[in-house]
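What follows is the content of data.txt (compact mmCIF, C-alpha atoms and all ligand atoms).
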```txt
# COMPACT_ATOMS: atom_id res chain seq x y z
CA MET Y 8 108.29 100.39 82.55
CA ARG Y 9 109.45 96.78 82.90
CA ILE Y 10 110.35 96.34 86.57
CA LEU Y 11 112.06 93.50 88.48
CA ILE Y 12 110.88 93.08 92.07
CA THR Y 13 113.03 90.83 94.25
CA GLY Y 14 111.15 89.42 97.26
CA ALA Y 15 107.97 89.49 95.15
CA ALA Y 16 106.25 86.66 97.06
CA GLY Y 17 106.62 88.45 100.37
CA PHE Y 18 104.23 90.77 102.14
CA LEU Y 19 105.43 94.10 100.69
CA GLY Y 20 106.72 92.66 97.39
CA SER Y 21 103.34 91.15 96.49
CA HIS Y 22 101.50 94.44 97.13
CA LEU Y 23 104.12 96.28 95.11
CA CYS Y 24 103.67 93.88 92.14
CA GLN Y 25 99.91 94.46 92.17
CA MET Y 26 100.17 98.25 92.47
CA LEU Y 27 102.70 98.53 89.61
CA ILE Y 28 100.58 96.31 87.34
CA ASN Y 29 97.52 98.44 88.20
CA LYS Y 30 99.51 101.49 87.07
CA GLY Y 31 100.20 99.82 83.69
CA HIS Y 32 103.78 98.59 84.24
CA HIS Y 33 105.16 95.13 83.44
CA VAL Y 34 106.50 93.27 86.45
CA VAL Y 35 109.00 90.43 86.71
CA GLY Y 36 108.76 88.92 90.20
CA MET Y 37 111.69 87.03 91.75
CA ASP Y 38 111.73 85.04 95.00
CA ASN Y 39 113.16 81.89 96.57
CA PHE Y 40 110.24 81.58 99.07
CA ILE Y 41 112.51 81.50 102.13
CA THR Y 42 110.02 83.66 104.08
CA GLY Y 43 107.48 84.38 101.32
CA ASP Y 44 104.49 82.42 100.12
CA PRO Y 45 103.58 81.54 96.49
CA GLN Y 46 99.93 82.11 97.50
CA ASN Y 47 100.70 85.85 97.72
CA LEU Y 48 101.15 85.88 93.94
CA ALA Y 49 98.49 83.31 93.01
CA HIS Y 50 96.06 86.01 91.80
CA LEU Y 51 98.65 87.21 89.26
CA ALA Y 52 99.04 83.82 87.56
CA GLY Y 53 98.19 84.22 83.88
CA ASN Y 54 98.33 88.04 84.03
CA GLU Y 55 100.11 89.13 80.83
CA HIS Y 56 101.79 92.01 82.70
CA PHE Y 57 103.41 89.60 85.17
CA SER Y 58 106.07 86.91 85.00
CA PHE Y 59 107.97 85.12 87.75
CA ILE Y 60 111.46 83.68 88.21
CA ARG Y 61 112.24 81.43 91.18
CA HIS Y 62 115.76 82.39 92.19
CA ASP Y 63 117.97 83.14 95.20
CA VAL Y 64 119.29 86.69 94.72
CA SER Y 65 122.51 85.78 96.56
CA ASN Y 66 123.52 84.12 93.28
CA PHE Y 67 124.16 85.94 89.98
CA ILE Y 68 120.82 87.24 88.66
CA PHE Y 69 119.93 86.75 85.02
CA VAL Y 70 116.71 88.24 83.65
CA PRO Y 71 116.06 87.96 79.90
CA GLY Y 72 114.98 91.19 78.17
CA LYS Y 73 115.44 94.86 79.00
CA LEU Y 74 114.59 96.15 82.49
CA ASP Y 75 113.79 99.80 83.30
CA ALA Y 76 113.91 99.41 87.08
CA VAL Y 77 115.08 96.96 89.74
CA MET Y 78 113.41 97.12 93.17
CA HIS Y 79 115.32 95.06 95.74
CA PHE Y 80 112.99 93.81 98.51
CA ALA Y 81 114.35 90.29 99.04
CA SER Y 82 115.34 89.75 102.68
CA PRO Y 83 113.92 88.09 105.78
CA ALA Y 84 112.32 90.91 107.79
CA SER Y 85 110.94 89.64 111.11
CA PRO Y 86 113.15 89.98 114.21
CA ASN Y 87 111.27 87.28 116.15
CA ILE Y 88 113.55 84.47 117.32
CA ASN Y 89 110.50 82.28 118.03
CA SER Y 90 109.43 82.29 114.38
CA PRO Y 91 111.18 79.99 111.87
CA TYR Y 92 110.96 82.99 109.51
CA GLY Y 93 112.70 85.40 111.91
CA TYR Y 94 116.08 86.68 110.72
CA PRO Y 95 117.86 85.61 113.94
CA ASN Y 96 117.13 82.04 112.73
CA LEU Y 97 118.28 82.85 109.17
CA PRO Y 98 121.38 84.93 109.90
CA ILE Y 99 123.61 83.93 106.99
CA GLN Y 100 120.72 84.01 104.47
CA THR Y 101 119.83 87.50 105.75
CA MET Y 102 123.38 88.80 105.39
CA LYS Y 103 123.71 87.25 101.93
CA ALA Y 104 120.41 88.77 100.71
CA GLY Y 105 121.47 92.21 101.99
CA ALA Y 106 125.08 92.04 100.82
CA LEU Y 107 125.45 89.63 97.84
CA GLY Y 108 121.81 90.10 96.79
CA THR Y 109 122.15 93.88 96.75
CA HIS Y 110 125.42 93.58 94.80
CA ASN Y 111 123.81 91.31 92.18
CA ALA Y 112 120.69 93.49 91.91
CA LEU Y 113 122.80 96.64 91.52
CA GLY Y 114 124.93 94.94 88.86
CA LEU Y 115 121.77 93.99 86.98
CA ALA Y 116 120.47 97.60 87.19
CA LYS Y 117 123.83 98.88 85.93
CA ALA Y 118 123.89 96.43 82.98
CA ASN Y 119 120.35 97.52 82.01
CA ASN Y 120 120.95 101.23 82.64
CA ALA Y 121 117.88 100.88 84.88
CA LYS Y 122 116.74 102.67 88.02
CA PHE Y 123 117.46 100.85 91.29
CA LEU Y 124 115.48 101.09 94.52
CA LEU Y 125 116.69 99.54 97.79
CA ALA Y 126 114.21 98.54 100.50
CA SER Y 127 116.13 99.67 103.57
CA THR Y 128 114.75 99.92 107.08
CA SER Y 129 114.36 101.97 110.25
CA GLU Y 130 116.58 99.26 111.80
CA ILE Y 131 119.60 101.03 110.36
CA TYR Y 132 119.02 103.56 113.20
CA GLY Y 133 119.32 100.67 115.73
CA ASP Y 134 118.08 101.49 119.25
CA PRO Y 135 118.01 105.21 118.46
CA LEU Y 136 119.40 107.94 120.70
CA GLU Y 137 117.73 110.61 118.54
CA HIS Y 138 113.94 110.83 118.47
CA PRO Y 139 112.05 111.00 116.15
CA GLN Y 140 114.51 109.63 113.58
CA LYS Y 141 115.54 111.95 110.75
CA GLU Y 142 117.44 110.68 107.71
CA THR Y 143 120.51 112.62 108.94
CA TYR Y 144 120.78 110.45 112.10
CA TRP Y 145 123.66 107.92 111.84
CA GLY Y 146 122.17 105.39 114.23
CA HIS Y 147 123.09 103.42 117.35
CA VAL Y 148 123.73 99.88 116.19
CA ASP Y 149 125.49 96.92 117.82
CA PRO Y 150 127.58 95.27 115.06
CA THR Y 151 127.50 91.83 116.71
CA GLY Y 152 124.18 92.01 118.61
CA PRO Y 153 121.09 89.81 118.13
CA ARG Y 154 119.74 92.03 115.33
CA SER Y 155 123.13 92.66 113.70
CA MET Y 156 122.68 90.21 110.81
CA TYR Y 157 119.80 92.38 109.55
CA ASP Y 158 120.88 95.86 110.63
CA GLU Y 159 124.43 95.61 109.33
CA ALA Y 160 123.36 93.90 106.08
CA LYS Y 161 120.99 96.81 105.39
CA ARG Y 162 123.63 99.38 106.36
CA PHE Y 163 126.09 97.71 103.98
CA ALA Y 164 123.35 97.65 101.30
CA GLU Y 165 122.81 101.41 101.71
CA ALA Y 166 126.57 102.04 101.43
CA LEU Y 167 126.85 99.81 98.34
CA THR Y 168 123.85 101.49 96.70
CA THR Y 169 125.39 104.90 97.37
CA SER Y 170 128.72 103.72 95.93
CA TYR Y 171 127.03 102.45 92.74
CA ASN Y 172 125.32 105.83 92.42
CA GLN Y 173 128.49 107.84 92.97
CA TYR Y 174 131.05 105.63 91.19
CA HIS Y 175 129.00 104.00 88.40
CA GLY Y 176 126.28 106.65 88.03
CA VAL Y 177 123.45 104.14 88.64
CA ASP Y 178 120.14 105.99 89.16
CA THR Y 179 119.49 104.79 92.73
CA ARG Y 180 116.85 105.34 95.46
CA ILE Y 181 116.92 104.24 99.11
CA VAL Y 182 113.70 103.94 101.11
CA ARG Y 183 113.94 103.51 104.89
CA ILE Y 184 110.76 101.63 105.71
CA PHE Y 185 109.28 101.92 109.22
CA ASN Y 186 106.98 99.21 110.70
CA THR Y 187 104.30 98.40 108.13
CA PHE Y 188 101.50 95.86 108.26
CA GLY Y 189 98.50 94.59 106.33
CA PRO Y 190 97.10 91.52 104.58
CA ARG Y 191 99.56 88.87 103.26
CA MET Y 192 101.83 88.87 106.31
CA ARG Y 193 102.38 85.27 107.41
CA LEU Y 194 100.40 84.05 110.42
CA ASP Y 195 103.69 82.74 111.83
CA ASP Y 196 105.76 85.77 110.74
CA GLY Y 197 106.38 86.62 114.41
CA ARG Y 198 106.09 90.39 114.08
CA VAL Y 199 103.89 92.09 116.64
CA ILE Y 200 100.74 92.80 114.60
CA PRO Y 201 100.25 89.30 113.11
CA ASN Y 202 100.96 87.87 116.59
CA PHE Y 203 98.48 90.14 118.38
CA ILE Y 204 95.71 89.83 115.77
CA GLN Y 205 95.77 86.05 115.71
CA GLN Y 206 95.97 85.79 119.50
CA ALA Y 207 92.96 88.13 119.73
CA LEU Y 208 91.00 86.17 117.12
CA ARG Y 209 91.68 82.95 119.01
CA GLY Y 210 90.44 84.58 122.23
CA GLU Y 211 93.89 84.30 123.83
CA PRO Y 212 95.78 86.93 125.85
CA LEU Y 213 98.14 89.09 123.80
CA THR Y 214 101.84 88.43 124.51
CA ILE Y 215 103.69 91.63 125.35
CA TYR Y 216 107.46 91.18 125.31
CA GLY Y 217 108.94 93.10 128.26
CA GLU Y 218 106.82 95.75 129.98
CA GLY Y 219 105.16 97.07 126.81
CA THR Y 220 106.49 100.61 127.21
CA GLN Y 221 108.60 100.29 124.03
CA THR Y 222 107.08 102.25 121.14
CA ARG Y 223 106.61 101.79 117.40
CA SER Y 224 104.74 103.76 114.68
CA PHE Y 225 102.67 101.61 112.31
CA CYS Y 226 101.94 102.33 108.65
CA TYR Y 227 99.28 100.62 106.54
CA VAL Y 228 100.67 98.85 103.47
CA SER Y 229 98.83 100.89 100.79
CA ASP Y 230 100.20 104.16 102.24
CA LEU Y 231 103.73 102.75 102.27
CA ILE Y 232 103.54 101.43 98.71
CA GLU Y 233 102.31 104.80 97.41
CA GLY Y 234 105.25 106.53 99.12
CA ILE Y 235 107.69 104.06 97.57
CA TYR Y 236 106.22 104.60 94.11
CA ARG Y 237 106.58 108.36 94.46
CA LEU Y 238 110.20 107.88 95.51
CA LEU Y 239 110.88 105.66 92.47
CA MET Y 240 109.46 108.37 90.22
CA SER Y 241 111.46 111.16 91.95
CA ASP Y 242 115.10 112.17 91.43
CA GLU Y 243 116.12 111.68 95.07
CA HIS Y 244 119.25 109.57 95.57
CA THR Y 245 119.70 110.01 99.34
CA PRO Y 246 117.68 107.91 101.85
CA VAL Y 247 114.04 108.82 102.54
CA ASN Y 248 112.01 107.66 105.57
CA ILE Y 249 108.57 106.30 104.72
CA GLY Y 250 106.28 105.39 107.60
CA ASN Y 251 103.49 106.63 109.80
CA PRO Y 252 104.60 109.08 112.49
CA VAL Y 253 101.82 108.20 114.97
CA GLU Y 254 103.75 106.57 117.83
CA MET Y 255 102.33 104.19 120.43
CA SER Y 256 103.53 101.79 123.12
CA MET Y 257 103.07 98.04 122.66
CA LEU Y 258 100.68 98.22 125.61
CA GLU Y 259 98.51 100.78 123.76
CA LEU Y 260 98.69 98.67 120.59
CA ALA Y 261 97.57 95.54 122.46
CA GLU Y 262 94.64 97.40 124.07
CA SER Y 263 93.59 98.78 120.72
CA ILE Y 264 93.63 95.29 119.08
CA ASN Y 265 91.72 93.76 121.99
CA ASP Y 266 89.09 96.55 121.69
CA THR Y 267 88.74 96.19 117.91
CA THR Y 268 88.32 92.40 118.12
CA ASN Y 269 86.25 92.39 121.37
CA ASN Y 270 88.83 90.08 122.92
CA SER Y 271 88.30 89.84 126.67
CA ALA Y 272 91.33 87.59 127.34
CA GLY Y 273 93.55 90.63 128.07
CA ILE Y 274 97.33 90.74 128.01
CA ILE Y 275 100.21 88.70 129.41
CA PHE Y 276 103.73 89.98 129.91
CA LYS Y 277 106.55 87.74 128.64
CA GLU Y 278 109.50 89.42 130.31
CA ASN Y 279 112.23 87.22 128.86
CA MET Y 280 110.87 87.03 125.29
CA ARG Y 281 112.16 90.51 124.50
CA LEU Y 282 115.17 90.16 122.18
CA GLY Y 283 118.31 92.13 123.09
CA ASN Y 284 118.74 95.50 121.34
CA ASP Y 285 114.94 95.78 120.85
CA PRO Y 286 114.56 99.54 120.18
CA GLU Y 287 112.92 101.45 123.06
CA ARG Y 288 111.39 104.08 120.80
CA ARG Y 289 110.82 104.39 117.06
CA ARG Y 290 109.06 107.11 115.09
CA PRO Y 291 109.91 108.42 111.64
CA ASP Y 292 110.44 112.10 110.96
CA ILE Y 293 108.73 112.29 107.54
CA THR Y 294 109.43 115.97 106.81
CA LYS Y 295 111.63 114.98 103.84
CA ALA Y 296 109.00 112.69 102.26
CA LYS Y 297 106.34 115.37 102.70
CA LYS Y 298 108.56 117.97 101.07
CA ILE Y 299 110.06 116.12 98.13
CA LEU Y 300 107.36 113.48 97.46
CA ASP Y 301 104.29 115.39 98.69
CA TRP Y 302 103.53 112.19 100.59
CA GLU Y 303 102.06 111.43 103.99
CA PRO Y 304 100.02 108.46 105.25
CA LYS Y 305 96.23 108.66 105.05
CA ILE Y 306 95.06 105.53 106.90
CA ASN Y 307 94.95 105.55 110.70
CA LEU Y 308 95.55 102.53 112.94
CA LYS Y 309 91.86 101.76 113.49
CA GLU Y 310 91.13 101.76 109.74
CA ALA Y 311 94.29 99.75 109.05
CA LEU Y 312 93.29 97.10 111.60
CA GLN Y 313 89.82 96.88 110.06
CA LEU Y 314 91.39 96.31 106.65
CA THR Y 315 93.76 93.63 108.01
CA ILE Y 316 91.76 91.58 110.52
CA PRO Y 317 89.46 89.89 107.92
CA TYR Y 318 92.55 88.54 106.14
CA PHE Y 319 93.83 86.86 109.31
CA LYS Y 320 90.33 85.63 110.15
CA GLU Y 321 90.17 83.86 106.81
CA LYS Y 322 93.69 82.43 107.19
CA LEU Y 323 92.81 81.04 110.63
CA SER Y 324 89.56 79.55 109.35
CA LYS Y 325 91.55 77.51 106.81
CA LEU Y 326 93.94 75.96 109.35
P1 LIG Z 1 108.65 89.16 103.77
O1 LIG Z 1 109.46 88.16 104.54
O2 LIG Z 1 107.19 88.98 103.71
O3 LIG Z 1 109.20 89.29 102.29
C1 LIG Z 1 110.54 89.12 101.94
C2 LIG Z 1 110.58 88.27 100.67
O4 LIG Z 1 111.94 88.14 100.22
C3 LIG Z 1 110.06 86.84 100.88
O5 LIG Z 1 109.13 86.50 99.88
C4 LIG Z 1 111.31 85.98 100.80
O6 LIG Z 1 111.05 84.67 100.37
C5 LIG Z 1 112.16 86.79 99.83
N1 LIG Z 1 113.60 86.51 99.93
C6 LIG Z 1 114.37 86.56 101.04
N2 LIG Z 1 115.64 86.22 100.74
C7 LIG Z 1 115.66 85.97 99.40
C8 LIG Z 1 116.67 85.56 98.49
N3 LIG Z 1 117.93 85.35 98.89
N4 LIG Z 1 116.35 85.42 97.18
C9 LIG Z 1 115.09 85.64 96.74
N5 LIG Z 1 114.08 86.00 97.57
C10 LIG Z 1 114.37 86.15 98.87
O7 LIG Z 1 109.01 90.59 104.44
P2 LIG Z 1 108.43 92.06 104.09
O8 LIG Z 1 107.90 92.63 105.33
O9 LIG Z 1 107.60 92.02 102.87
O10 LIG Z 1 109.80 92.82 103.76
C11 LIG Z 1 110.21 93.10 102.43
C12 LIG Z 1 111.40 94.03 102.43
O11 LIG Z 1 111.06 95.26 103.08
C13 LIG Z 1 112.61 93.47 103.17
O12 LIG Z 1 113.78 93.85 102.46
C14 LIG Z 1 112.56 94.18 104.51
O13 LIG Z 1 113.85 94.33 105.07
C15 LIG Z 1 111.96 95.53 104.14
N6 LIG Z 1 111.28 96.14 105.28
C16 LIG Z 1 110.02 95.76 105.66
C17 LIG Z 1 109.41 96.37 106.75
C18 LIG Z 1 108.02 96.04 107.19
O14 LIG Z 1 107.54 96.65 108.17
N7 LIG Z 1 107.28 95.16 106.56
C19 LIG Z 1 110.12 97.35 107.47
C20 LIG Z 1 111.40 97.68 107.08
C21 LIG Z 1 111.96 97.10 105.97
N1 LIG Z 2 106.44 92.30 120.49
C1 LIG Z 2 105.56 91.96 121.51
N2 LIG Z 2 104.83 90.80 121.39
C2 LIG Z 2 104.90 89.99 120.31
C3 LIG Z 2 105.79 90.33 119.26
C4 LIG Z 2 106.55 91.49 119.38
O1 LIG Z 2 105.43 92.70 122.51
O2 LIG Z 2 104.18 88.97 120.29
C5 LIG Z 2 107.21 93.56 120.60
C6 LIG Z 2 108.70 93.45 120.25
O3 LIG Z 2 109.45 93.08 121.41
C7 LIG Z 2 109.01 94.87 119.81
C8 LIG Z 2 107.70 95.34 119.18
O4 LIG Z 2 106.69 94.45 119.64
O5 LIG Z 2 109.30 95.69 120.92
C9 LIG Z 2 107.71 95.33 117.66
O6 LIG Z 2 108.20 94.07 117.26
P1 LIG Z 2 108.20 93.52 115.76
O7 LIG Z 2 108.63 92.09 115.83
O8 LIG Z 2 106.91 93.79 115.11
O9 LIG Z 2 109.30 94.34 114.96
P2 LIG Z 2 110.45 95.43 115.29
O10 LIG Z 2 109.79 96.75 115.24
O11 LIG Z 2 111.02 95.15 116.67
O12 LIG Z 2 111.43 95.22 114.21
```

Would you write out, as structure tokens, the structure that this file holds?
Amino acid sequence: MRILITGAAGFLGSHLCQMLINKGHHVVGMDNFITGDPQNLAHLAGNEHFSFIRHDVSNFIFVPGKLDAVMHFASPASPNINSPYGYPNLPIQTMKAGALGTHNALGLAKANNAKFLLASTSEIYGDPLEHPQKETYWGHVDPTGPRSMYDEAKRFAEALTTSYNQYHGVDTRIVRIFNTFGPRMRLDDGRVIPNFIQQALRGEPLTIYGEGTQTRSFCYVSDLIEGIYRLLMSDEHTPVNIGNPVEMSMLELAESINDTTNNSAGIIFKENMRLGNDPERRRPDITKAKKILDWEPKINLKEALQLTIPYFKEKLSKL
């Protein structure tokens, strides 16, 4: 297949490009580098299965030649207000990537009679009142809260994708991605794992926002990418959760990262750094992915940290 990946220079997009090329597909990457990094694609320069277009997906997208699939990953993704790459600092760009970008990417898929896959998120469940989260849960989202520019853009994107499927017959997929990490996340991304790993490697205390009782469930990037590929190759048009169902508190996560890195500086609690509407609990119910995609994650947290820490070590050594 010839596949367009928007957000190709980002963390997930760059892994997706590599995986698809390894499977024999041709990839056209697209990015405007607002939160991504050209370095993430440097190893693909000169690869005859890869080409790249620098473009903001909020504007009409033109790609020469026939496409068989469009995978829409372009969007800021970190909720951290202290990072310049956090979506609270890029609110209009985030809403445009989710709304106008999704519209343009769907239009391109329609014109090419291509498959379309939307990278949606567990954030569409908001601060959930149902636990774990099944795809049938409608969510608990504040439409004007501090995360609204991301949550509502993704909810709109899901609705638009569903409308293109039902009204125009576009062959769509929607993946609801739960917290995923691995190499190629930015050092200054602001999400919890890059923050904790670099603090630990610097021998500093890990910054827990709030009391650390809030939970998340972390998936390693290769597991996530495999799940997304299986979804692309399936016939499922309704949303599918992909993530790791092993849930832990931020306190447990911090202890585990300090243990793995032998960091003796401990933990500090930053009570007022916790952004409003920060979900208390998050864990995917992956029954649907297991059933229709025969997929479940294989890599546990300890292994995932061991695969990720060397990347951040190298990044820090180059500063
Ligand atoms: P990332 O910030 O590393 O990657 C996003 C990429 O999109 C960046 O390269 C950025 O420059 C690009 N981009 C943003 N707006 C653009 C625009 N208007 N035009 C062109 N390119 C644009 O983040 P990520 O973690 O790789 O996330 C990728 C996608 O997956 C996002 O859509 C995000 O919402 C979704 N997602 C990720 C996670 C996760 O845990 N990593 C969880 C849920 C959903
Ligand atoms: N968090 C933290 N310390 C940090 C960064 C984040 O305790 O240095 C917390 C954050 O408040 C949230 C959780 O870790 O409760 C996960 O945050 P992340 O930014 O990774 O993404 P989210 O899952 O909230 O979208």

Check: Which one of Y:Gln206, Y:Asn251, Y:Thr268, Y:Thr169 sits closest to ligand LIG 1 (chain Z) if you count all atoms listed in the file?
Finding: Y:Asn251

Note to self: Please identify all protein, DNA and RNA residues within 6 Å of ligand LIG 1 (chain Z), counting all atoms listed in the file, and report them as a PyMOL selection string.
What the structure shows: chain Y and resi 13-20+38-43+62-65+80-84+104+126-128+184-187+192

Got a sec to check which residues lie within 6 Å of ligand LIG 2 (chain Z), using only C-alpha atoms and all ligand atoms, and send them as a PDB file with C-alpha atoms, in the frame of the given file?
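Writing the result to pocket_3.pdb gives the following:
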```
ATOM      1  CA  SER Y  85     110.940  89.640 111.110  1.00  0.00           C
ATOM      2  CA  PRO Y  86     113.150  89.980 114.210  1.00  0.00           C
ATOM      3  CA  ASN Y  87     111.270  87.280 116.150  1.00  0.00           C
ATOM      4  CA  ASN Y 186     106.980  99.210 110.700  1.00  0.00           C
ATOM      5  CA  ARG Y 198     106.090  90.390 114.080  1.00  0.00           C
ATOM      6  CA  VAL Y 199     103.890  92.090 116.640  1.00  0.00           C
ATOM      7  CA  ASN Y 202     100.960  87.870 116.590  1.00  0.00           C
ATOM      8  CA  THR Y 214     101.840  88.430 124.510  1.00  0.00           C
ATOM      9  CA  ILE Y 215     103.690  91.630 125.350  1.00  0.00           C
ATOM     10  CA  TYR Y 216     107.460  91.180 125.310  1.00  0.00           C
ATOM     11  CA  GLN Y 221     108.600 100.290 124.030  1.00  0.00           C
ATOM     12  CA  MET Y 257     103.070  98.040 122.660  1.00  0.00           C
ATOM     13  CA  ARG Y 281     112.160  90.510 124.500  1.00  0.00           C
ATOM     14  CA  ASP Y 285     114.940  95.780 120.850  1.00  0.00           C
TER      15      ASP Y 285
END
```

Margin query: For a test of reading the model, state the distance in Å between CA of Gly250 (chain Y) and CA of Met26 (chain Y), rounded to one decimal.
Written below: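 Taking CA of Gly250 (chain Y) as the start and CA of Met26 (chain Y) as the end point, the length is 17.8 Å.
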
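Close to (112.7, 99.6, 92.2), meaning no more than 6 Å away when counting all atoms listed in the file, sit the residues Ala76, Val77, Met78, Phe123 and Leu124 of chain Y.
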
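With distances restricted to only C-alpha atoms, Y:Asn279 is the closest residue to Glu218 (chain Y) from Y:Asn279, Y:Phe188, Y:Pro98, Y:Asn29.
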
Restricted to N, CA, C and O atoms, what does region 277-289 of chain Y look like when written out as a PDB file, in the first residue's frame?
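Once written, selection_1.pdb looks like this:
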```pdb
ATOM      1  N   LYS Y 277       4.306  18.210  43.925  1.00  0.00           N
ATOM      2  CA  LYS Y 277       4.034  19.578  43.446  1.00  0.00           C
ATOM      3  C   LYS Y 277       2.509  19.716  43.397  1.00  0.00           C
ATOM      4  O   LYS Y 277       1.884  19.453  42.357  1.00  0.00           O
ATOM      5  N   GLU Y 278       1.967  20.069  44.543  1.00  0.00           N
ATOM      6  CA  GLU Y 278       0.502  20.104  44.704  1.00  0.00           C
ATOM      7  C   GLU Y 278      -0.195  20.911  43.617  1.00  0.00           C
ATOM      8  O   GLU Y 278      -1.162  20.472  43.013  1.00  0.00           O
ATOM      9  N   ASN Y 279       0.335  22.142  43.357  1.00  0.00           N
ATOM     10  CA  ASN Y 279      -0.415  23.024  42.459  1.00  0.00           C
ATOM     11  C   ASN Y 279      -0.027  22.895  40.990  1.00  0.00           C
ATOM     12  O   ASN Y 279      -0.483  23.654  40.159  1.00  0.00           O
ATOM     13  N   MET Y 280       0.814  21.894  40.658  1.00  0.00           N
ATOM     14  CA  MET Y 280       1.161  21.695  39.239  1.00  0.00           C
ATOM     15  C   MET Y 280       0.114  20.820  38.532  1.00  0.00           C
ATOM     16  O   MET Y 280       0.172  20.646  37.326  1.00  0.00           O
ATOM     17  N   ARG Y 281      -0.794  20.228  39.312  1.00  0.00           N
ATOM     18  CA  ARG Y 281      -1.754  19.322  38.680  1.00  0.00           C
ATOM     19  C   ARG Y 281      -2.819  20.141  37.941  1.00  0.00           C
ATOM     20  O   ARG Y 281      -3.540  20.933  38.544  1.00  0.00           O
ATOM     21  N   LEU Y 282      -2.899  19.919  36.631  1.00  0.00           N
ATOM     22  CA  LEU Y 282      -3.836  20.671  35.784  1.00  0.00           C
ATOM     23  C   LEU Y 282      -5.265  20.260  36.135  1.00  0.00           C
ATOM     24  O   LEU Y 282      -5.522  19.091  36.429  1.00  0.00           O
ATOM     25  N   GLY Y 283      -6.205  21.214  36.081  1.00  0.00           N
ATOM     26  CA  GLY Y 283      -7.611  20.886  36.307  1.00  0.00           C
ATOM     27  C   GLY Y 283      -8.078  19.805  35.343  1.00  0.00           C
ATOM     28  O   GLY Y 283      -7.547  19.663  34.244  1.00  0.00           O
ATOM     29  N   ASN Y 284      -9.068  19.035  35.775  1.00  0.00           N
ATOM     30  CA  ASN Y 284      -9.657  17.955  34.963  1.00  0.00           C
ATOM     31  C   ASN Y 284      -8.684  16.807  34.685  1.00  0.00           C
ATOM     32  O   ASN Y 284      -8.914  15.995  33.794  1.00  0.00           O
ATOM     33  N   ASP Y 285      -7.561  16.746  35.421  1.00  0.00           N
ATOM     34  CA  ASP Y 285      -6.612  15.634  35.279  1.00  0.00           C
ATOM     35  C   ASP Y 285      -7.341  14.358  35.718  1.00  0.00           C
ATOM     36  O   ASP Y 285      -7.767  14.265  36.864  1.00  0.00           O
ATOM     37  N   PRO Y 286      -7.522  13.378  34.815  1.00  0.00           N
ATOM     38  CA  PRO Y 286      -8.300  12.191  35.197  1.00  0.00           C
ATOM     39  C   PRO Y 286      -7.748  11.499  36.449  1.00  0.00           C
ATOM     40  O   PRO Y 286      -6.539  11.345  36.593  1.00  0.00           O
ATOM     41  N   GLU Y 287      -8.649  11.095  37.341  1.00  0.00           N
ATOM     42  CA  GLU Y 287      -8.263  10.377  38.566  1.00  0.00           C
ATOM     43  C   GLU Y 287      -7.811   8.965  38.258  1.00  0.00           C
ATOM     44  O   GLU Y 287      -6.903   8.446  38.894  1.00  0.00           O
ATOM     45  N   ARG Y 288      -8.518   8.318  37.332  1.00  0.00           N
ATOM     46  CA  ARG Y 288      -8.221   6.923  37.019  1.00  0.00           C
ATOM     47  C   ARG Y 288      -8.317   6.726  35.510  1.00  0.00           C
ATOM     48  O   ARG Y 288      -9.169   7.340  34.857  1.00  0.00           O
ATOM     49  N   ARG Y 289      -7.455   5.862  34.980  1.00  0.00           N
ATOM     50  CA  ARG Y 289      -7.570   5.554  33.547  1.00  0.00           C
ATOM     51  C   ARG Y 289      -7.023   4.145  33.304  1.00  0.00           C
ATOM     52  O   ARG Y 289      -5.875   3.861  33.660  1.00  0.00           O
TER      53      ARG Y 289
END
```
